[in-house]
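Here's the structure we're looking at; comments come further down.
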Amino acid sequence: MSSKSITIYRDQYGVPSIDAPDAAAAAYGLGWAMARDCAPRMAQLYLSAKGRSAEVVGDIALQMDFLVRALGIEAAAKQEAADIDDDLRDILQGFCDGVNRFTDVARNQLPAWVVPVEIADILGLVHLSNIAFPLLELTQQLTPGSGSNQFALAPRHTAAGHAIVSIDPHLDWDKAISWYEFSQYTPQLASHGIAVCGMPIAIMGHNERLGWSITNNSPMLHGLFTLDIDPADPTRYSYHGEWRRFEDSMCELRCIDTAGATRVERMPLRLTEWGPVISVGGKPVGLHMPLVDARSTLNQARSMMSAQTVDEFRESLRPLGLSMWNLVFADVDGGLGYQYNARVYRRDGKIDWSMPVPGGDPRTRWGEPIPLDELPHVMNPAGGVLVNANSCPWLTSPSGEIAPDGWPEYVTSHPPTFRYRRLAELLDNPQDIMVARAMEIAVDTMTPAGIRARDLLVEAAGDSPDLAQAAEVLKAWDGRADLDSRGAAIYHYWLNVFGTHELAEKLVDGGSWTSSDTIVALGALREAIAILRRAHGAVDIPWGEVHVSQRNGLEAPVTGFYQAVAPNHGPMVDGKVVCEFGSSFRMIIELDPAGVKSWSAKPFGNALMPSSPHFTDQMAMFGRGEYKDTYFGLDRIKGAAMSTEVVERG
């Protein structure tokens with residue numbers, strides 16, 4: 001291989017493995033491969049980071065575009081791009097060159113808004129990813145129950161004596177953030193993982209000695225400040241007791257309509273020392289959402305990806321270059337670690353930061369970021385088990401190393417989730433866990449609330465003739481949402497009748513129903529049965545006939561339930577649950593010192609181009625709750641490759 005040659009091996013699912021002489025060349029190969037598979041989505045995300053998404057998707061993005069513009073993401077990215085260290089610049093430029101080389105070749109097949117990418121575009125997307133969750137919260141686009149799962153097991157709990165890590169982030173399957181899976185091999189490092197589509201560095205995955213995962217931990221990354229305006233001069237406001245002047249301008253946003261015509265929306269923009277003024281509950285407030293330096297984020301991601309031990313990995317987190325996330329990690333030596341990571345600033349713990357606070361009060365001024373060591377963490381827990389499903393950090397190590405108090409709510413306040421309760425049960429003192437069993441745990445479909453509801457509904461139904469058949473089906477149901485489960489469909493339809501979600505919540509932790517609750521529950525069951533029969537002609541239908549994914553004219557049955565560890569779900573369409581949210585990527589990593597192995601799956605495929613054979617090729621496998629081999633290791637992928645492509649970096 002010449003110093004400019006890059007070889008890209010693709011397995012049967014089109015996942016690229018890039019063999020390159022150095023990191024910059026590997027980034028070039030990744031840019032080429034990712035653009036081949038995802039160029040329009042990449043371009044759309046770059047536009048989103050500039051506050052220009054509405055130019056492609058229309059009105060739905062206007063509010064988000066306004067916030068992105070108001071926060072100054074594009075300006076910050078351009079400023080950072082002008083002053084960047086040589087190693088990172090080489091990697092980012094290599095990635096840009098690879099993307100642009102492919103889009104030049106494929107220009108006639110791509111939309112006009114797919115334009116050449118620059119380093120500032122990548123930095124802007126990093127900024128957007130760092131603040132994506134609070135932005136979605138502010139625009140009220142967060143999916144109810146959104147979150148992720150992860151767990152890690154020490155070698156003494158596994159059959160082969162190797163640590164195991166499970167990765168399972170939960171997101172919309174075809175919106176906003178999209179994952180791209182890949183391997184990279186250079187003389188310095190071999191790694192496999194996923195990156196946000198449009199970025200050149202993996203955010204989750206493994207190398208030859210260590211694996212790691214992340215879940216959303218929802219720290220309060222932003223603050224809202226009420227405006228104390230000077231009665232003698234309405235152009236001034238109190239900034240914690242000091243008078244400052246508003247900066248007023250107009251923000252021009254371009255938006256495409258359903259007919260394809262573009263219009264310009266002009267929105268007034270008022271800036272404060274905190275940031276832009278937005279409306280919350282009909283009242284103007286100052287929004288404070290400090291941006292993390294995108295260069296720091298990318299350099300930290302590089303350090304995470306190259307860490308060889310759990311101690312090195314935790315040390316890589318010290319700059320707080322990532323805005324948030326629970327991180328669970330393990331290495332081939334059997335080390336385990338957990339870090340609650342957040343770039344969250346010190347605040348007065350006596351103030352309720354979940355609501356807008358008085359901007360003129362000196363007590364509401366933020367302090368410095370809380371150092372990593374003062375955030376919840378544990379290394380090598382006594383129990384040898386780490387499990388997190390967006391639950392409070394002190395639950396992550398069941399052996400209790402993290403104190404359950406002393407953490408202000410603006411840092412963390414997550415209660416246990418359905419997913420955490422079930423995972424904790426499955427991982428309570430595990431013994432001789434094999435990789436296959438770890439996969440089963442990661443895609444578990446048991447619905448504990450459903451089992452309790454089943455028992456109460458069967459008991460209440462008694463001898464009612466109109467409920468007899470449904471009661472028999474429910475009585476035989478094991479509470480799971482596997483593809484062949486009969487009874488899950490009744491439970492789902494029952495849950496989606498008014499009032500029954502609250503009834504299901506009452507059954508958590510051994511709760512029960514009042515007599516009036518039971519009357520409501522039976523009425524809902526009768527209605528659910530009638531709807532189910534109208535939609536499907538029967539009440540004992542397999543779950544896989546109701547719970548499906550759809551893409552590009554294809555349909556596949558999907559295991560899981562939104563109350564289960566595998567929380568796949570979506571809206572009801574023509575009597576079916578069309579899944580569009582849940583496990584957006586799954587991976588199991590076995591940290592064998594003789595050779596790390598991993599298995600993965602995505603809901604649809606690794607490509608985001610409808611013309612690609614890899615746009616839908618994982619649907620059936622994912623729907624069954626299965627995993628595919630990643631063929632990690634250069635020799636393994638060479639033997640398994642379905643195609644080989646050599647590209648030359650100019």
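Here, A, B, ... name the chains of the structure tokens in the order displayed, residue numbers run from 1 inside each chain, and ligands are numbered from 1 in the same displayed order.
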Members of segment 26-237 of chain A assigned strand (DSSP E or B) by DSSP, as JSON, numbers by chain | {"A": [148, 149, 150, 151, 152, 153, 158, 163, 164, 165, 166, 167, 168, 169, 170, 171, 172, 179, 180, 181, 182, 183, 184, 185, 190, 191, 192, 193, 194, 195, 196, 204, 205, 206, 207, 210, 211, 212, 213, 214, 215, 223, 224, 225, 226, 229, 236, 237]}
Contacts of Asn207 of chain A at 9 Å or less, counting only C-alpha atoms, minus same-chain residues fewer than 4 places along, as a list of chain:residue names?
-> A:Leu189, A:Ala190, A:Ser191, A:His192, A:Gly193, A:Gly211, A:Met305, A:Ser306, A:Ala307, A:Gln308, A:Val596
Output for the residues just chosen: N, CA and C atoms as a PDB file, in the first residue's frame:
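Below is the file that was written, part07.pdb:
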ATOM      1  N   LEU A 189      -3.628   2.363  15.808  1.00  0.00           N
ATOM      2  CA  LEU A 189      -4.864   2.054  16.505  1.00  0.00           C
ATOM      3  C   LEU A 189      -5.836   1.282  15.616  1.00  0.00           C
ATOM      4  N   ALA A 190      -6.506   0.309  16.228  1.00  0.00           N
ATOM      5  CA  ALA A 190      -7.621  -0.385  15.574  1.00  0.00           C
ATOM      6  C   ALA A 190      -8.863  -0.154  16.419  1.00  0.00           C
ATOM      7  N   SER A 191      -9.970   0.233  15.781  1.00  0.00           N
ATOM      8  CA  SER A 191     -11.179   0.545  16.537  1.00  0.00           C
ATOM      9  C   SER A 191     -12.416   0.231  15.707  1.00  0.00           C
ATOM     10  N   HIS A 192     -13.530   0.034  16.419  1.00  0.00           N
ATOM     11  CA  HIS A 192     -14.831  -0.175  15.769  1.00  0.00           C
ATOM     12  C   HIS A 192     -15.881   0.534  16.611  1.00  0.00           C
ATOM     13  N   GLY A 193     -16.777   1.255  15.953  1.00  0.00           N
ATOM     14  CA  GLY A 193     -17.804   1.946  16.721  1.00  0.00           C
ATOM     15  C   GLY A 193     -18.753   2.705  15.830  1.00  0.00           C
ATOM     16  N   GLY A 211     -13.642  -1.120  25.763  1.00  0.00           N
ATOM     17  CA  GLY A 211     -14.927  -0.778  25.160  1.00  0.00           C
ATOM     18  C   GLY A 211     -15.690   0.170  26.049  1.00  0.00           C
ATOM     19  N   MET A 305     -11.131   7.063  22.406  1.00  0.00           N
ATOM     20  CA  MET A 305     -11.033   5.975  21.443  1.00  0.00           C
ATOM     21  C   MET A 305      -9.691   5.249  21.539  1.00  0.00           C
ATOM     22  N   SER A 306      -8.642   5.940  21.985  1.00  0.00           N
ATOM     23  CA  SER A 306      -7.319   5.327  22.030  1.00  0.00           C
ATOM     24  C   SER A 306      -6.927   4.837  23.426  1.00  0.00           C
ATOM     25  N   ALA A 307      -7.756   5.080  24.452  1.00  0.00           N
ATOM     26  CA  ALA A 307      -7.433   4.653  25.817  1.00  0.00           C
ATOM     27  C   ALA A 307      -7.279   3.137  25.873  1.00  0.00           C
ATOM     28  N   GLN A 308      -6.292   2.676  26.632  1.00  0.00           N
ATOM     29  CA  GLN A 308      -6.001   1.251  26.712  1.00  0.00           C
ATOM     30  C   GLN A 308      -6.500   0.599  27.998  1.00  0.00           C
ATOM     31  N   VAL A 596     -10.352  -8.891  20.938  1.00  0.00           N
ATOM     32  CA  VAL A 596     -11.676  -8.359  21.264  1.00  0.00           C
ATOM     33  C   VAL A 596     -12.658  -8.705  20.147  1.00  0.00           C
TER      34      VAL A 596
END
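Each of A:Gln12, A:Ser296, A:Thr139, A:Thr272 was compared to Ile84 of chain A using only C-alpha atoms, and A:Ser296 turns out to be the nearest.
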Restricting to only C-alpha atoms, whichever of A:Leu372, A:Leu62, A:Leu427, A:Val548 is closest to Thr396 of chain A is A:Leu427
Find the residues around Ala25 of chain A up to 10 Å (only C-alpha atoms counted), leave out those fewer than 2 positions away in its own chain, and share them as a list in words.
-> Ser3, Lys4, Ser5, Ile6, Ile18, Asp19, Ala20, Pro21, Asp22, Ala23, Ala27, Tyr28, Gly29, Leu30, Gly31, Asp90, Ile91, Gln93, Gly94, Phe95, Asp97, Gly98, Thr186, Glu648 and Arg649 of chain A
Per residue of segment 412-467 of chain A within 6 Å of segment 159-174 of chain A, which atom pair is closest and at what distance in Å (one decimal), using only C-alpha atoms, listed by chain and increasing number, as a tab-separated table?
residue	atom	partner	partner_atom	distance
A:Asp432	CA	A:Ala159	CA	3.9
A:Ile433	CA	A:Ala159	CA	5.2
A:Met434	CA	A:Ala159	CA	5.2
Next, the residues of the selection above should be written as a PDB file, in the first residue's frame with N, CA and C atoms.
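Once written, out10.pdb looks like this:
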ATOM      1  N   ASP A 432     -21.737 -16.886  35.108  1.00  0.00           N
ATOM      2  CA  ASP A 432     -21.383 -17.565  33.853  1.00  0.00           C
ATOM      3  C   ASP A 432     -22.171 -17.035  32.655  1.00  0.00           C
ATOM      4  N   ILE A 433     -22.233 -15.715  32.542  1.00  0.00           N
ATOM      5  CA  ILE A 433     -22.953 -15.098  31.425  1.00  0.00           C
ATOM      6  C   ILE A 433     -22.167 -15.296  30.130  1.00  0.00           C
ATOM      7  N   MET A 434     -22.787 -15.909  29.162  1.00  0.00           N
ATOM      8  CA  MET A 434     -22.186 -16.053  27.836  1.00  0.00           C
ATOM      9  C   MET A 434     -22.601 -14.866  26.972  1.00  0.00           C
TER      10      MET A 434
END
Find the residues around Asp484 of chain A up to 12 Å (only C-alpha atoms counted), leave out those fewer than 3 positions away in its own chain, and share them as a PyMOL selection string.
-> chain A and resi 445+477-481+487-489+540-547+557-560+624
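Distances here use only C-alpha atoms; by that measure, the residue among A:Asp509, A:Asp373, A:Glu273, A:Glu502 closest to His288 of chain A is A:Glu273.
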Contacts of Pro40 of chain A at 9 Å (only C-alpha atoms; same-chain gap of 5+ positions) as a short mmCIF file (atom, residue, chain, number, x, y, z; two decimals) with N, CA and C atoms, in the first residue's frame:
data_model
loop_
_atom_site.label_atom_id
_atom_site.label_comp_id
_atom_site.auth_asym_id
_atom_site.auth_seq_id
_atom_site.Cartn_x
_atom_site.Cartn_y
_atom_site.Cartn_z
N ALA A 35 -19.87 9.38 2.97
CA ALA A 35 -20.57 10.16 1.94
C ALA A 35 -21.25 9.25 0.92
N LEU A 45 -27.51 17.65 8.18
CA LEU A 45 -27.05 17.92 9.54
C LEU A 45 -26.11 19.12 9.59
N LEU A 110 -26.97 13.75 -6.49
CA LEU A 110 -27.18 14.35 -5.18
C LEU A 110 -27.98 15.64 -5.28
N PRO A 111 -28.76 15.98 -4.22
CA PRO A 111 -29.49 17.26 -4.22
C PRO A 111 -28.53 18.45 -4.31
N TRP A 113 -28.39 21.00 -2.55
CA TRP A 113 -27.95 21.53 -1.26
C TRP A 113 -26.84 20.69 -0.61
N VAL A 114 -26.42 19.62 -1.27
CA VAL A 114 -25.23 18.89 -0.82
C VAL A 114 -24.03 19.62 -1.40
N LEU A 608 -27.90 5.47 4.39
CA LEU A 608 -29.08 6.34 4.45
C LEU A 608 -29.51 6.80 3.06
N MET A 609 -29.04 6.11 2.04
CA MET A 609 -29.44 6.38 0.65
C MET A 609 -30.43 5.29 0.22
#
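Across the structure, atom CA of Gly359 of chain A and atom CA of His240 of chain A are spaced 5.6 Å apart.
Going from atom CA of Asn149 of chain A over to atom CA of Ser391 of chain A, you cover 9.5 Å.
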Per-residue nearest contacts of segment 205-244 of chain A to segment 310-330 of chain A (7 Å; only C-alpha atoms) as a Markdown table:
| residue | atom | partner | partner_atom | distance |
| --- | --- | --- | --- | --- |
| A:Leu210 | CA | A:Ala330 | CA | 5.8 |
| A:Gly211 | CA | A:Ala330 | CA | 5.7 |
| A:Trp212 | CA | A:Phe329 | CA | 4.2 |
| A:Ser213 | CA | A:Val328 | CA | 5.4 |
| A:Ile214 | CA | A:Leu327 | CA | 4.6 |
| A:Thr215 | CA | A:Asn326 | CA | 5.1 |
| A:Asn216 | CA | A:Trp325 | CA | 4.9 |
| A:Asn217 | CA | A:Trp325 | CA | 5.1 |
| A:Pro219 | CA | A:Met324 | CA | 6.8 |
From a DSSP calculation on the backbone, collect every residue of segment 91-144 of chain A in alpha helix (DSSP H) and output the set as JSON, numbers by chain.
-> {"A": [91, 92, 93, 94, 95, 96, 97, 98, 99, 100, 101, 102, 103, 104, 105, 119, 120, 121, 122, 123, 124, 125, 126, 127, 128, 129, 130, 132, 133, 134, 135, 136, 137, 138]}
